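Everything below concerns the one structure shown next.
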Amino acid sequence: MEEIFENLNDEQRRAVEHIDGPLLILAGAGSGKTKTITSRLAYLLDVVGVSASNTLTLTFTNKAAKEMRFRALSLIKQNTYPPLLCTFHKFGLLFLKFNIHLLNRENNFVVIDSDDKKKIIKKINSQIATPLVASEISRYKNSIMSPDEAYKQAEFHQYQQIAKIYDEYERYLQENNLLDFDDLLVLTYKLLEQNNNLRLQTSNKYKYIMVDEYQDTNELQYKLLRLLSSEHNNLCVVGDDDQSIYGWRGAHIRNILEFDKDFDNVNTVTLENNYRSQPNILKVANALIVHNRSRHNKTLKATRENGKEVVTLSSSDENEESRKIAKLIKSLIDEGTEAREIAVLYRINALSRSIEDGLNRNGIAYRLVGGLRFYDRAEIKDLISYFRVITNLHDDFSLKRIINKPKRGLGKASIDKIESAAFNAQVSIFSFLNDASLDDLVTLVKKKNANTIKAFLDELVYLKKISEESSYTFLDKFIEHIDIKKMYASSPDESEKVQNIDEFYALYRDYIKQNPSSTLDDFLNEVTLQSDQDQVEGESIYIMSIHASKGLEFKHVFIIGLEEGFLPLNSEGSDLEEERRLAYVAYTRAKDTLSLSHVNSRYYKGRRSDVDKSRFFNESGLAGGSLKLENKSAYKKGDLVRHKIFGAGRVLGVSKAGKEIKLHINFAGSKRDILASFVEKL
DNA sequence: ATGATAACAGTTTTT
DNA sequence: CTGTTATCAT
């Protein structure tokens with residue numbers, strides 16, 4: 001027990017010791033959030049005596065789940081099996097494995113990823129842009145809206161069309177027993193909602209629920225949590241409204257802002273002590289974030305000693321910018337800083353190119369985080385499809401992907417013919433092909449192809465048999481019979497693809513070794529919900545988008561592209577407050593030094609344009625020497641401005657107040673002095 | 001069936 | 001300028 005409290009501050013300790021009833025932990029950046037959650041879990045098990053099986057801890061990413069599991073297990077002293085600590089989606093998957101029969105579906109479903117989803121949509125419709133349809137379907141599902149309801153509420157023809165596609169899409173998933181990512185949560189919610197006994201039983205099982213990154217939950221996750229905690233209200237949520245940067249993909253910041261209204265008798269603990277950054281960095285971050293209106297009031301308090309001032313880097317264009325930054329990084333490394341302690345962050349991935357150039361020219365090794373993920377690569381998806389077909393020969397969706405890989409002379413036309421013939425016969429593609437005689441097949445495809453199809457089916461059946469006999473020998477036989485590597489051996493980026501294939505085989509072997517009793521099916525389920533694998537840390541610096549940097553920390557952080565139109569992105573399309581939170585997240589990644597870079601001219605989308613310094617410099621109190629009254633971004637008498645509280649007003653006079661500019665403004669008759677950083681120019 | 005070229009669009013991303 | 005998709009010859 002002593003050990004759990006070691007190194008916890010008073011607030012953290014209060015959060016850990018709170019047992020019953022709803023608890024909101026507002027955990028500022030670098031305030032020891034993970035430590036608090038994992039300590040609380042250990043406290044529940046070791047001190048309060050709660051059984052591990054009565055707890056549920058939910059995260060958004062596998063990475064977070066993994067780290068928490070590791071840290072929690074090192075704290076828990078009691079000899080117990082590990083508590084359930086997983087992503088929302090993994091929880092849905094487990095829950096559905098046990099309960100989906102209540103919806104009259106079999107639990108041998110296959111989870112498809114967003115790529116698969118788009119393919120299905122594309123097949124159904126070719127008129128409306130697939131990404132739009134995909135995101136609308138996701139929206140409907142997350143609002144628990146049936147295709148019928150979506151159709152009724154559609155105001156425009158196009159949205160009626162989308163509702164129809166949604167209807168067909170749902171039917172396709174059901175017929176093939178597929179679930180998309182949304183389904184894992186939606187169906188879990190529906191089951192709990194429609195089945196009172198199940199709700200009762202489930203809520204009573206998970207008596208103590210914790211949710212990480214609560215500011216990122218969407219409406220559906222919120223509703224799901226309500227049902228899960230309905231019998232006890234022992235819901236502990238942890239998050240930071242100031243770090244809510246996923247509004248664009250449905251996260252509801254209101255969930256964390258109004259948690260205390262949503263639940264009765266909420267206890268709130270605010271963690272404001274920051275153990276990560278030096279005071280100068282926090283000063284700038286705090287100055288920026290107070291400009292947001294929708295937030296819980298809190299201020300990060302420094303615990304570290306002061307260090308270097310936050311640096312502003314001004315350059316004429318992106319080439320100069322990257323040159324400067326590369327030089328600075330080089331000298332840091334020369335001074336002995338470990339490369340992995342340095343990161344360059346940007347708002348949009350397109351900005352990575354220029355910084356990559358600069359780093360390359362200076363011989364600085366970098367690791368670009370993001371980009372195409374391992375499991376999204378074509379060669380890996382091919383392998384997964386093969387494995388899926390082998391576990392379930394009637395998985396038409398996967399079979400279609402691999403039927404011509406390696407090439408068997410079957411193009412789109414032939415596959416379409418086969419598919420519709422199978423559809424008419426009301427059987428799976430496999431059954432259709434397997435039952436058909438060679439003569440039957442010849443009516444659909446060329447004689448030569450008919451033979452290869454038959455041979456292909458035999459191989460699948462053979463491999464299925466092997467896979468059921470032994471997960472160990474399966475892979476060797478698979479490689480022996482299906483030579484995927486050869487297929488990619490002649491492609492331009494050959495070596496990388498072959499490496500990926502080997503990597504995947506290694507993952508399989510590893511999995512079987514660690515879970516000897518597991519089946520191929522278990523492996524596949526694990527793999528679909530897995531996105532990023534652990535990056536091996538090497539002697540290279542990191543470059544990544546700000547979104548990708550959330551949750552990480554570095555001694556030295558460089559943020560590039562702090563310009564109007566880049567950060568903040570564009571004031572119209574995106575939410576300015578979310579853009580500000582994004583800058584805040586970026587600032588608070590820094591431990592020792594923070595450098596903010598902007599240029600006067602940037603090359604983007606094939607053309608060069610002039611860009612203004614981001615308003616966030618002013619808002620962060622970093623106006624510095626470049627604040628000139630005749631500067632075109634500065635204010636002058638007669639300008640229209642808007643203040644968060646006082647609304648629109650007209651500038652009557654401009655003066656200096658230290659580093660800041662002070663404006664005398666007329667707001668509908670009431671005249672006030674306001675610092676320029678607190679208003680927006682109209 | 002497959003490879004080559006034209007047309008086009010273009011934040012952020014996990015599961 | 002890129003990467004992706006639609007269309008067109010072979």
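A note on labels: chains of the structure tokens are A, B, ... as shown, every chain counts residues from 1, and ligands are counted from 1 in their shown order.
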
Quick one: which residues from chain C are at most 12 Å off chain A, using only C-alpha atoms (C1' of nucleotides), as a VMD selection string?
-> chain C and resid 1 to 3 5 to 6

Provide as a count of residues only the residues of chain A at most 7 Å from chain B, counting only C-alpha atoms (C1' of nucleotides).
-> 8

Residue list (helix (DSSP H, G or I), DSSP) for range 425-624 of chain A, as an MDAnalysis selection string | chainID A and resid 429:435 438:442 447:469 471:481 484:489 494:514 520:528 546:549 576:587 615:619 624

Do a neighbour search on Leu663 in chain A at 12 Å with only C-alpha atoms (C1' of nucleotides), toss out local chain neighbours closer than 5 positions, and write the hits as a PyMOL selection string.
-> chain A and resi 629+634-643+649-657+671-681

Separation of CA of Phe617 in chain A from CA of Thr270 in chain A in Å | 27.5 Å

Atom pair CA of Ala343 in chain A / CA of Leu313 in chain A: separation (Å) =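 We find that CA of Ala343 in chain A and CA of Leu313 in chain A lie 15.6 Å from each other.
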
So which bits of range 168-348 of chain A end up strand (DSSP E) when you DSSP the backbone, as JSON, numbers by chain?
-> {"A": [178, 179, 208, 209, 210, 211, 235, 236, 237, 238, 239, 267, 268, 269, 270, 271, 273, 274, 301, 302, 311, 312, 313, 314, 315, 316, 317, 342, 343, 344, 345, 346]}

State, in Å with one decimal place, the distance from CA of Ile364 in chain A to CA of Val557 in chain A.
-> 15.5 Å
